[in-house]
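Colleague: Below is the structure I would like to discuss, written out as structure tokens.
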Amino acid sequence: MRLDDDLLAINCPLVERILCGFIQQEIQRAGFSRAVLGLSGGIDSTVVVYLAAKALGPENVLAVTMPYKTSSEETRRDSAEVVERLGVQTVDVPITDQVDAYFSQFPDASRLRRANKCARERMTVLYDQSAAFGALVLGTSNKSELLLGYGTQFGDMASAINPIGDVYKTQLRELAAHLEVPEAVLAKPPTGDLWIGQTDEDELGFSYPEVDSLLLLLVDQRWRTSELVRAGFDEDFVERVAEMVRRNHYKRRMPIIAKLSRRTVDRDFRYARDWGT
Amino acid sequence: MASATENIMPGETGPLAEANEVAGENAGTLRIALAQTNPRLGVQAENLQDHLTKVESARDQGADLIIFPELSLTGYFLRDMVPDVAIARDAEAIEQLAAAGKTTSVVAGFVEESAEHRFYNAAFYSENGRVHHVHRKVYLPTYGLFDESRYFASGDRIRAFDTERFGRVGLLICEDFWHLSAAAIMQAEQVDMLICVANSPTRGVSGDQIETAETYWRLCRSYAQLIGCLVVMVNRVGYEDGLCFWGGSIAVGPDGKTKGEGPLLDESLTMVSVDPADLRRERLATPLGRDEQLLLTIEELDRIKRERYQS
């Protein structure tokens, strides 16, 4: 493949500065000074909590751990180390009771339903904690996940502001190393910890560096399929990924509204989120 | 000082001798304040107060000119707010700001509503407390993250104007500056100073510098040398809906060298001193403006116009 080796390279000190400024100023614009986020001990939420601690001061950041009974011991251990290193505030809110209570009514529910329910349960906890803490919820979905739709709508994809939504997973690893997150966080394979032993790359069927290179060319640089194939990408892989991006677009948008009037919300009633701030 | 900058305008033999005296003997420097602000989105009254504070501070520091970024009174991502924040060019806010400058000239950005109820992305230049020139942005970016043509009408002229202290001045707004034709018109106008006010957001973070910043600085250096003038670009900072405006304002002398620069990403009021005599020296060394074949250019453009539009 005749592609740049550093196709996905980012200037980490510059990105860190821009993202810290983003967290600080966008939270301030909304009239807040604090942030809350779900911490899993994975790379995404670890990077976000590091950035938030730098941007707002650790005392203004609440890291919420929300284990389910199948959550791994590594998850717990790595989150604890991140919290200890940064000195951010923390609260542990296990979600096993409420999720299991719900599924006692639907015992045959699939693994996917259960995983989505956990993600949405965590979302409601975060939003409630944000009210208690007087904070905005920080998103932890990266660009790879957002494009592939590899997340739960109104679950882990829900947030007030998302500092890493324009950063591919492969780039996040670079950023995490630059931020000097614990070695254990960097070393483990990406996982949603959705069920025991689950890893993203097994479930997706390709590796992040592979798909991130493709997404960057396809989405950011708008290469055509024929050009991608000429550059060495497998045509089926290109088409499969392009289809994932298309099929999951609904997750990235507000619900579609039936238009009747002259000005309809989200269509021709257009204001910035930062309207009047 | 006015004659010090006039002296380099080719073909004007009258002021030249007089100007040489001024430039050679007691030409002082001119001071320009680059105001890298972070306006609130659509909160004009508050932004105006911030402008007034900075104008006063610049005056106290002996500034001859203070330059605010594009749409400095309103913020950038206005969308449907455009008609809500639009004001006439003789509105009280503009007159108040111009008057506050007194002998310090002010450049600031606003949304102008014309008598025909068209809305323009506009900027004014004031002199001695009064609005002296208004430029309406001609090139409205409507691609990628930009959608200006949806909300604004396009300006229909690109013209320079004479000033007391800075000689002949051109004022462009952001995307205007990316069009070679606008720069060529300013060269034909024989400007001594070209001002570009900008709201440039960050795109591209893989290199040593923000990609959009690098391109902007390259344009500033190139235009300064090619036109043989001082180029001053002022860009805002802060975030709007996740867009990060990178600041990095810069003043470039006619030799292409940086005379002063604002910080990247942070708010600031940066004072820059420029020596009008630089213009004379550079135009002696590289008289590109003198040698420019304006009539030939016009003839060729006329030919292209005939071939493209009248065949």
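By convention here, the chains of the structure tokens are called A, B, ... in the order presented, each chain's residues are numbered starting at 1, and ligands are numbered starting at 1 in the order presented.
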For a quick test of understanding: name the residues of chain B lying within 12 Å of chain A when counting only C-alpha atoms, and present them as a count of residues only.

Modeller: 50

Colleague: Considering only helix (DSSP H, G or I) as DSSP defines it on the backbone, what residues of segment 175-237 of chain A qualify? List them as an mmCIF file with C-alpha atoms, in the first residue's frame.

Modeller:
data_model
loop_
_atom_site.group_PDB
_atom_site.id
_atom_site.type_symbol
_atom_site.label_atom_id
_atom_site.label_comp_id
_atom_site.auth_asym_id
_atom_site.auth_seq_id
_atom_site.Cartn_x
_atom_site.Cartn_y
_atom_site.Cartn_z
ATOM 1 C CA LEU A 175 -2.495 11.266 22.556
ATOM 2 C CA ALA A 176 -2.798 8.886 25.534
ATOM 3 C CA ALA A 177 0.920 8.128 25.375
ATOM 4 C CA HIS A 178 1.678 11.840 25.191
ATOM 5 C CA GLU A 183 0.851 1.781 31.012
ATOM 6 C CA ALA A 184 -1.900 -0.754 31.710
ATOM 7 C CA VAL A 185 -4.464 1.478 29.986
ATOM 8 C CA LEU A 186 -2.269 1.808 26.907
ATOM 9 C CA ALA A 187 -1.427 -1.868 26.778
ATOM 10 C CA ASP A 200 -13.729 -4.187 19.727
ATOM 11 C CA GLU A 201 -11.427 -5.509 17.042
ATOM 12 C CA ASP A 202 -12.734 -9.118 17.347
ATOM 13 C CA GLU A 203 -16.278 -7.896 17.167
ATOM 14 C CA LEU A 204 -15.704 -5.523 14.254
ATOM 15 C CA TYR A 208 -8.330 0.141 14.333
ATOM 16 C CA PRO A 209 -5.162 1.248 12.483
ATOM 17 C CA GLU A 210 -6.528 -0.494 9.379
ATOM 18 C CA VAL A 211 -9.988 1.018 9.529
ATOM 19 C CA ASP A 212 -8.764 4.425 10.701
ATOM 20 C CA SER A 213 -6.491 4.778 7.665
ATOM 21 C CA LEU A 214 -9.421 3.892 5.450
ATOM 22 C CA LEU A 215 -11.829 6.251 7.244
ATOM 23 C CA LEU A 216 -9.374 9.118 7.072
ATOM 24 C CA LEU A 217 -9.023 8.737 3.310
ATOM 25 C CA LEU A 218 -12.696 7.999 2.720
ATOM 26 C CA VAL A 219 -14.235 10.616 5.006
ATOM 27 C CA ASP A 220 -11.640 13.343 5.611
ATOM 28 C CA THR A 225 -13.479 3.541 -3.875
ATOM 29 C CA SER A 226 -11.450 2.983 -7.047
ATOM 30 C CA GLU A 227 -8.648 5.144 -5.654
ATOM 31 C CA LEU A 228 -8.690 3.281 -2.345
ATOM 32 C CA VAL A 229 -8.510 -0.062 -4.113
ATOM 33 C CA ARG A 230 -5.612 1.201 -6.228
ATOM 34 C CA GLU A 235 -12.658 -3.625 -2.183
ATOM 35 C CA ASP A 236 -15.002 -5.638 0.053
ATOM 36 C CA PHE A 237 -13.463 -4.024 3.132
#

Colleague: So which residues touch Val265 of chain A within 12 Å, counting only C-alpha atoms, skipping near sequence neighbours fewer than 5 positions away, as a ChimeraX atom specification?

Modeller: /A:254-260,270-271 /B:80

Colleague: Which polymer residues have any atom within 9 Å of an atom of Lys143 of chain A, counting only C-alpha atoms, with same-chain residues fewer than 2 positions away left out, as a tab-separated table (two decimals) with N, CA and C atoms, in the first residue's frame?

Modeller:
chain	number	residue	atom	x	y	z
A	141	SER	N	-16.87	9.36	23.09
A	141	SER	CA	-16.90	8.58	21.83
A	141	SER	C	-15.88	9.17	20.87
A	145	GLU	N	-15.50	5.35	16.33
A	145	GLU	CA	-16.79	4.82	16.80
A	145	GLU	C	-17.96	5.59	16.23
A	146	LEU	N	-17.84	6.91	16.21
A	146	LEU	CA	-18.94	7.74	15.70
A	146	LEU	C	-19.21	7.42	14.24
A	147	LEU	N	-18.14	7.26	13.45
A	147	LEU	CA	-18.34	7.00	12.02
A	147	LEU	C	-18.87	5.59	11.78
A	148	LEU	N	-18.34	4.62	12.52
A	148	LEU	CA	-18.76	3.23	12.30
A	148	LEU	C	-20.09	2.94	12.98
A	164	ILE	N	-13.28	14.43	22.12
A	164	ILE	CA	-12.48	13.50	21.30
A	164	ILE	C	-13.24	12.97	20.08
A	165	GLY	N	-14.39	13.57	19.78
A	165	GLY	CA	-15.20	13.07	18.67
A	165	GLY	C	-14.59	13.27	17.29
A	166	ASP	N	-13.52	14.06	17.20
A	166	ASP	CA	-12.85	14.25	15.91
A	166	ASP	C	-11.45	13.63	15.93
A	167	VAL	N	-11.26	12.68	16.85
A	167	VAL	CA	-9.95	12.03	17.00
A	167	VAL	C	-10.14	10.52	16.78
A	168	TYR	N	-9.45	9.97	15.77
A	168	TYR	CA	-9.55	8.53	15.51
A	168	TYR	C	-8.92	7.74	16.66
A	169	LYS	N	-9.40	6.50	16.82
A	169	LYS	CA	-8.90	5.64	17.90
A	169	LYS	C	-7.37	5.54	17.87
A	212	ASP	N	-8.96	2.98	10.55
A	212	ASP	CA	-8.76	4.42	10.70
A	212	ASP	C	-8.09	5.03	9.47

Colleague: What gap, in Å, lies between atom CA of Lys259 of chain B and atom CA of Thr37 of chain B?

Modeller: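 Computing the Euclidean distance for atom CA of Lys259 of chain B and atom CA of Thr37 of chain B yields 20.0 Å.
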
Colleague: In Å, how far is it from atom CA of Pro189 of chain A to atom CA of Thr140 of chain A?

Modeller: 16.8 Å

Colleague: Interatomic distance between atom CA of Ser126 of chain B and atom CA of Ser105 of chain B?

Modeller: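 Atom CA of Ser126 of chain B sits 5.1 Å away from atom CA of Ser105 of chain B.
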
Colleague: Could you list, as a ChimeraX atom specification, every residue within 9 Å of Gln96 of chain B, counting only C-alpha atoms and ignoring same-chain residues fewer than 4 positions away?

Modeller: /B:52,91-92,100-101,129

Colleague: Take the selection from the previous step and output its residues with N, CA and C atoms, as an mmCIF file, in the first residue's frame.

Modeller:
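Saved as out02.cif:
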data_model
loop_
_atom_site.group_PDB
_atom_site.id
_atom_site.type_symbol
_atom_site.label_atom_id
_atom_site.label_comp_id
_atom_site.auth_asym_id
_atom_site.auth_seq_id
_atom_site.Cartn_x
_atom_site.Cartn_y
_atom_site.Cartn_z
ATOM 1 N N LEU B 52 -14.619 48.884 23.449
ATOM 2 C CA LEU B 52 -14.339 50.228 23.970
ATOM 3 C C LEU B 52 -13.177 50.188 24.963
ATOM 4 N N ALA B 91 -25.042 53.265 12.563
ATOM 5 C CA ALA B 91 -25.664 52.932 13.852
ATOM 6 C C ALA B 91 -24.840 53.513 15.000
ATOM 7 N N GLU B 92 -25.517 53.682 16.118
ATOM 8 C CA GLU B 92 -24.868 54.304 17.274
ATOM 9 C C GLU B 92 -23.632 53.522 17.734
ATOM 10 N N ALA B 100 -14.707 56.753 20.005
ATOM 11 C CA ALA B 100 -13.859 56.385 21.140
ATOM 12 C C ALA B 100 -12.387 56.337 20.742
ATOM 13 N N GLY B 101 -12.142 56.019 19.464
ATOM 14 C CA GLY B 101 -10.760 55.945 19.000
ATOM 15 C C GLY B 101 -10.094 57.304 18.950
ATOM 16 N N GLY B 129 -12.107 59.732 14.620
ATOM 17 C CA GLY B 129 -13.380 59.578 15.317
ATOM 18 C C GLY B 129 -14.583 59.343 14.424
#

Colleague: If we count only C-alpha atoms, what is near Leu51 of chain A at a cut-off of 9 Å, once residues fewer than 2 positions away on the same chain are taken out, given as an mmCIF file with C-alpha atoms, in the first residue's frame?

Modeller:
data_model
loop_
_atom_site.group_PDB
_atom_site.id
_atom_site.type_symbol
_atom_site.label_atom_id
_atom_site.label_comp_id
_atom_site.auth_asym_id
_atom_site.auth_seq_id
_atom_site.Cartn_x
_atom_site.Cartn_y
_atom_site.Cartn_z
ATOM 1 C CA GLU A 16 -3.917 18.707 23.909
ATOM 2 C CA ARG A 17 -3.946 22.496 24.055
ATOM 3 C CA LEU A 19 -8.941 20.196 23.451
ATOM 4 C CA CYS A 20 -8.250 21.577 26.943
ATOM 5 C CA ILE A 23 -13.427 21.792 27.467
ATOM 6 C CA THR A 46 -8.934 7.976 30.351
ATOM 7 C CA VAL A 47 -7.805 10.545 27.768
ATOM 8 C CA VAL A 48 -10.913 12.623 28.402
ATOM 9 C CA VAL A 49 -10.463 12.620 32.188
ATOM 10 C CA ALA A 53 -8.400 17.520 34.899
ATOM 11 C CA LYS A 54 -5.892 19.736 33.107
ATOM 12 C CA ALA A 55 -8.554 22.052 31.720
ATOM 13 C CA LEU A 56 -10.716 22.491 34.813
ATOM 14 C CA PRO A 163 -13.628 16.639 23.165
ATOM 15 C CA LEU A 179 -0.505 12.447 28.270
#

Colleague: Which polymer residues have any atom within 10 Å of an atom of Asp100 of chain A, counting only C-alpha atoms, with same-chain residues fewer than 3 positions away left out, as a compact mmCIF listing (two decimals) with C-alpha atoms, in the first residue's frame?

Modeller:
# COMPACT_ATOMS: atom_id res chain seq x y z
CA TYR A 68 -21.97 -4.18 35.87
CA LYS A 69 -21.51 -7.63 37.42
CA ILE A 95 -25.64 -0.65 37.71
CA THR A 96 -26.18 -4.38 38.23
CA ASP A 97 -29.31 -4.11 40.39
CA PHE A 103 -34.28 -7.99 32.53
CA SER A 104 -35.95 -10.23 35.13
CA GLN A 105 -39.06 -9.34 33.10
CA PHE A 106 -37.30 -10.25 29.81
CA PRO A 107 -35.00 -13.16 30.69
CA ARG A 114 -28.27 -6.19 27.53
CA CYS A 118 -26.13 -1.07 30.29

Colleague: Calculated over only C-alpha atoms, which of the candidates B:Leu145, B:Leu230, B:Trp217, B:Phe119 has the smallest distance to Arg168 of chain B?

Modeller: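 Ranking B:Leu145, B:Leu230, B:Trp217, B:Phe119 by distance to Arg168 of chain B, first place goes to B:Leu230.
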